[in-house]
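Trainee: Pasting a structure below so you can have a look.
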Amino acid sequence: MARIRRSVILALLSITLILGVFSVQPAAPVAAQEGEGPSITVTGTFVQRSELTIILDNFFSNEPIVLWQTLPDYTVLPIRTIDTNSGGFAQLKWTIDETFPVGTNYITARGEDSGYVAIVEFEIEGGDAPELDPNVTLEFTIQGESQGDIFLIRGYGFDGSEDVAVWLTYPDGTVQDLGRRTANQGEFAFAFQFGGLAPEGLYYITAQGVRSERAGIISLTLNRGDFLQAPEGAFLQVCVPPGPPEEECINEARQLEEILIAGSGFLPGETISLWVTLPTGEVYAIAEITAFGGDFAAFANLPAVISDTPRPRRDGLPVGTHFFSAYGQSSGLRAIAAFELLPGSGF
């Protein structure tokens, strides 16, 4: 097995994907008992496009409480910070829109002064789909069926010249607005491309006439693009520090922990592009780094959340097997290393 030379560690590049967000392992709801201990309660209708009420009790008086949500794949999203009243009580309204994935979610509350932590579990269900009209037809022409391919989407059976709202439902139930199209003579057509940020799986495209309310749905399966095949000649390792050469490579870590990305066998001085492929097939760029002497090494933090993606609010590094890739921009050499991301350790 190839080793990364000790001298290259002097050229380490520290990469931070996002600033600190907490990650917790799921736990049963914590409730107050006989007036002691913190509690969090969520009430309302647990479906997309609804409003919930978050109720906090038995924290310190006038204490800031940090709230965050843990999604079904352990991705963590901040909600807000709210102050309790003199009795240690607070509540707020919170909207579950169509961008939140369906499944088991958790809300965690942590007192900034007391250090108290309370967690509540709840299920989010998908919002009601529009009633389908038998006279509406949706179809698509595919230039392949994988990430990066172009889909030509057509719709028929709407009112003449009416606006048609079109949206895309992801495999996990989140929804992306594709805008409005004008149905000239009751028909519309537009091209849509899935990029590397689109996870593989089953998608639904829904179109509904704004005036007629006629609706149609069509499904398609998106496959993973061809980015997991690497030629021989280069080598990549992703380890918990210190990693080689000091220790054997440990290729698993928890959210928010630091990892070492190290490669060898590239051209001396060439620029290396680094990216990570998530368990869903989504791809995130990490950085570009110079391979001094053909080798490189970089530290990176494993965030609970990533914010720079067009996908609405469903952003982050889920637990599971991730594939890190390194590509030499001059040599064309590429190397891939698998790494297992575990849930954060919580408090």
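Chain labels A, B, ... are given in the sequence in which chains occur in the structure tokens; within each chain residues are numbered consecutively from 1, and ligands are likewise numbered from 1 in the order shown.
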Mind checking which residues fall within 7 Å of segment 161-166 of chain A, counting only C-alpha atoms, ignoring those fewer than 5 positions away in the same chain, and posting them as a list in words?
Mentor: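 So the residues in contact are Asp177, Leu178, Gly179, Arg180, Arg181, Thr182, Ala183, Asn184, Gln185, Gly186, Thr206, Ala207, Gln208, Gly209, Val210 and Arg211 of chain A.
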Trainee: Please provide as a PDB file with C-alpha atoms, in the first residue's frame all residues within 10 Å of segment 37-44 of chain A, with the sequence filter that same-chain residues fewer than 2 positions apart are discarded (counting only C-alpha atoms).
Mentor:
ATOM      1  CA  PRO A  29     -38.447  12.663  23.841  1.00  0.00           C
ATOM      2  CA  VAL A  30     -37.418  14.242  27.136  1.00  0.00           C
ATOM      3  CA  ALA A  31     -40.390  15.412  29.177  1.00  0.00           C
ATOM      4  CA  ALA A  32     -40.691  17.196  32.493  1.00  0.00           C
ATOM      5  CA  GLN A  33     -41.654  14.972  35.403  1.00  0.00           C
ATOM      6  CA  GLU A  34     -43.201  16.429  38.559  1.00  0.00           C
ATOM      7  CA  GLY A  35     -41.953  19.888  37.651  1.00  0.00           C
ATOM      8  CA  PHE A  46     -47.301  16.743  11.006  1.00  0.00           C
ATOM      9  CA  VAL A  47     -47.538  17.063   7.226  1.00  0.00           C
ATOM     10  CA  SER A  50     -48.374  22.966   7.873  1.00  0.00           C
ATOM     11  CA  GLU A  51     -47.571  24.970  11.014  1.00  0.00           C
ATOM     12  CA  LEU A  52     -46.345  23.390  14.241  1.00  0.00           C
ATOM     13  CA  THR A  53     -45.959  24.801  17.745  1.00  0.00           C
ATOM     14  CA  ILE A  54     -42.765  24.100  19.703  1.00  0.00           C
ATOM     15  CA  ILE A  55     -43.255  24.342  23.476  1.00  0.00           C
ATOM     16  CA  LEU A  56     -40.313  24.522  25.921  1.00  0.00           C
ATOM     17  CA  ASP A  57     -40.619  24.265  29.697  1.00  0.00           C
ATOM     18  CA  ASN A  58     -38.530  23.866  32.876  1.00  0.00           C
ATOM     19  CA  PHE A  59     -35.395  25.544  31.541  1.00  0.00           C
ATOM     20  CA  PHE A  60     -33.698  28.403  33.418  1.00  0.00           C
ATOM     21  CA  GLY A  88     -38.363  28.983  32.135  1.00  0.00           C
ATOM     22  CA  PHE A  89     -41.118  28.657  29.501  1.00  0.00           C
ATOM     23  CA  ALA A  90     -41.140  29.536  25.786  1.00  0.00           C
ATOM     24  CA  GLN A  91     -43.026  28.616  22.636  1.00  0.00           C
ATOM     25  CA  LEU A  92     -42.853  29.476  18.960  1.00  0.00           C
ATOM     26  CA  LYS A  93     -44.605  28.717  15.684  1.00  0.00           C
ATOM     27  CA  TRP A  94     -42.627  26.697  13.145  1.00  0.00           C
ATOM     28  CA  ILE A 107     -36.027  18.689  17.372  1.00  0.00           C
ATOM     29  CA  THR A 108     -33.372  19.344  20.009  1.00  0.00           C
ATOM     30  CA  ALA A 109     -33.390  22.199  22.530  1.00  0.00           C
ATOM     31  CA  ARG A 110     -30.251  23.128  24.468  1.00  0.00           C
ATOM     32  CA  GLY A 111     -30.116  25.747  27.220  1.00  0.00           C
ATOM     33  CA  SER A 114     -28.198  25.526  32.139  1.00  0.00           C
ATOM     34  CA  TYR A 116     -30.079  21.260  29.690  1.00  0.00           C
ATOM     35  CA  VAL A 117     -30.905  19.256  26.561  1.00  0.00           C
ATOM     36  CA  ALA A 118     -34.355  17.977  25.559  1.00  0.00           C
ATOM     37  CA  ILE A 119     -35.249  16.072  22.380  1.00  0.00           C
ATOM     38  CA  VAL A 120     -38.606  15.290  20.787  1.00  0.00           C
ATOM     39  CA  GLU A 121     -39.311  12.830  17.970  1.00  0.00           C
ATOM     40  CA  PHE A 122     -42.059  13.187  15.360  1.00  0.00           C
TER      41      PHE A 122
END
Trainee: For Gly263 of chain A, which of A:Gly201, A:Gly216, A:Pro343, A:Gly293 is the closest residue, counting only C-alpha atoms?
Mentor: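 Using only C-alpha atoms, the shortest distance to Gly263 of chain A belongs to A:Gly293.
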Trainee: Taking only C-alpha atoms into account, which of A:Asp172, A:Ala297, A:Phe100, A:Ser86 comes nearest Pro199 of chain A?
Mentor: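 Residue with the minimum atom-to-atom distance to Pro199 of chain A: A:Asp172.
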Trainee: As a list of chain:residue names, please: the residues near segment 264-272 of chain A (cut-off 7 Å, only C-alpha atoms, same-chain neighbours under 3 positions excluded).
Mentor: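 Residues near the query, excluding close chain neighbours: A:Ile4, A:Gly233, A:Ala234, A:Phe235, A:Leu236, A:Glu288, A:Ile289, A:Thr290, A:Ala291, A:Phe292, A:Gly293, A:Gly294, A:Asp295, A:Phe296, A:Ala326, A:Tyr327, A:Gly328, A:Gln329, A:Ser330, A:Ser331, A:Leu333.
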Trainee: Could you take the residues named above and write them with N, CA and C atoms, as a compact mmCIF listing (two decimals), in the first residue's frame?
Mentor:
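The file below, again_39.txt, is the result:
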# COMPACT_ATOMS: atom_id res chain seq x y z
N ILE A 4 1.97 8.17 2.27
CA ILE A 4 2.14 9.59 2.04
C ILE A 4 3.37 10.06 2.81
N GLY A 233 -2.81 4.20 -11.06
CA GLY A 233 -1.64 5.07 -11.09
C GLY A 233 -1.59 6.06 -9.96
N ALA A 234 -2.74 6.52 -9.48
CA ALA A 234 -2.79 7.46 -8.37
C ALA A 234 -3.41 6.77 -7.17
N PHE A 235 -3.20 7.36 -5.99
CA PHE A 235 -3.64 6.72 -4.75
C PHE A 235 -4.22 7.79 -3.83
N LEU A 236 -5.31 7.46 -3.14
CA LEU A 236 -5.96 8.39 -2.23
C LEU A 236 -6.35 7.67 -0.96
N GLU A 288 -9.48 22.86 -4.41
CA GLU A 288 -8.38 22.54 -5.31
C GLU A 288 -7.08 22.74 -4.54
N ILE A 289 -6.14 21.82 -4.74
CA ILE A 289 -4.91 21.83 -3.96
C ILE A 289 -3.76 21.43 -4.88
N THR A 290 -2.55 21.92 -4.59
CA THR A 290 -1.38 21.60 -5.40
C THR A 290 -0.69 20.35 -4.87
N ALA A 291 -0.34 19.46 -5.79
CA ALA A 291 0.37 18.22 -5.43
C ALA A 291 1.87 18.47 -5.52
N PHE A 292 2.48 18.95 -4.44
CA PHE A 292 3.92 19.18 -4.41
C PHE A 292 4.64 17.84 -4.47
N GLY A 293 5.52 17.67 -5.46
CA GLY A 293 6.21 16.40 -5.62
C GLY A 293 5.30 15.27 -6.03
N GLY A 294 4.08 15.60 -6.44
CA GLY A 294 3.12 14.57 -6.83
C GLY A 294 2.25 14.09 -5.69
N ASP A 295 2.51 14.61 -4.48
CA ASP A 295 1.74 14.22 -3.30
C ASP A 295 0.99 15.43 -2.76
N PHE A 296 -0.06 15.18 -2.01
CA PHE A 296 -0.76 16.27 -1.33
C PHE A 296 -1.41 15.71 -0.08
N ALA A 326 -10.17 12.47 -6.10
CA ALA A 326 -9.09 13.42 -6.41
C ALA A 326 -8.78 13.28 -7.89
N TYR A 327 -8.73 14.43 -8.59
CA TYR A 327 -8.50 14.42 -10.04
C TYR A 327 -7.35 15.35 -10.38
N GLY A 328 -6.33 14.82 -11.06
CA GLY A 328 -5.21 15.63 -11.51
C GLY A 328 -5.56 16.37 -12.78
N GLN A 329 -5.56 17.71 -12.74
CA GLN A 329 -6.02 18.50 -13.87
C GLN A 329 -5.06 18.45 -15.06
N SER A 330 -3.80 18.13 -14.82
CA SER A 330 -2.83 18.01 -15.93
C SER A 330 -2.68 16.57 -16.40
N SER A 331 -2.57 15.64 -15.47
CA SER A 331 -2.32 14.24 -15.82
C SER A 331 -3.58 13.48 -16.20
N LEU A 333 -5.11 11.85 -14.06
CA LEU A 333 -5.17 10.75 -13.10
C LEU A 333 -6.26 11.01 -12.08
Trainee: Would you please work out which residue, of A:Cys239, A:Leu220, A:Ala337, A:Leu317, is nearest to Tyr284 of chain A when using only C-alpha atoms?
Mentor: A:Leu317
Trainee: Which of these, A:Gln48, A:Gln255, A:Ser273, A:Ser61, has the shortest distance to Val319 of chain A once you count only C-alpha atoms?
Mentor: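 The answer is A:Gln255, which sits nearest to Val319 of chain A.
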Trainee: Please run DSSP on the backbone and report, as a PyMOL selection string, all residues within segment 61-198 of chain A that come out as strand (DSSP E or B).
Mentor: chain A and resi 64-70+76-83+90-96+103-111+117-125+137-142+146+150-156+162-169+175-184+187-193
Trainee: Pick from A:Ala215, A:Glu112, A:Ala298, A:Pro101: nearest to Glu63 of chain A, with only C-alpha atoms counted?
Mentor: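 Closest to Glu63 of chain A, using only C-alpha atoms: A:Glu112.
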Trainee: Calculate how many Å separate atom CA of Arg80 of chain A from atom CA of Ala287 of chain A, rounding to one decimal.
Mentor: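 Atom CA of Ala287 of chain A lies 29.8 Å from atom CA of Arg80 of chain A.
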Trainee: Write out as a ChimeraX atom specification the residues lying within 7 Å of Pro78 of chain A, counting only C-alpha atoms and excluding same-chain residues fewer than 6 positions away.
Mentor: /A:67-69
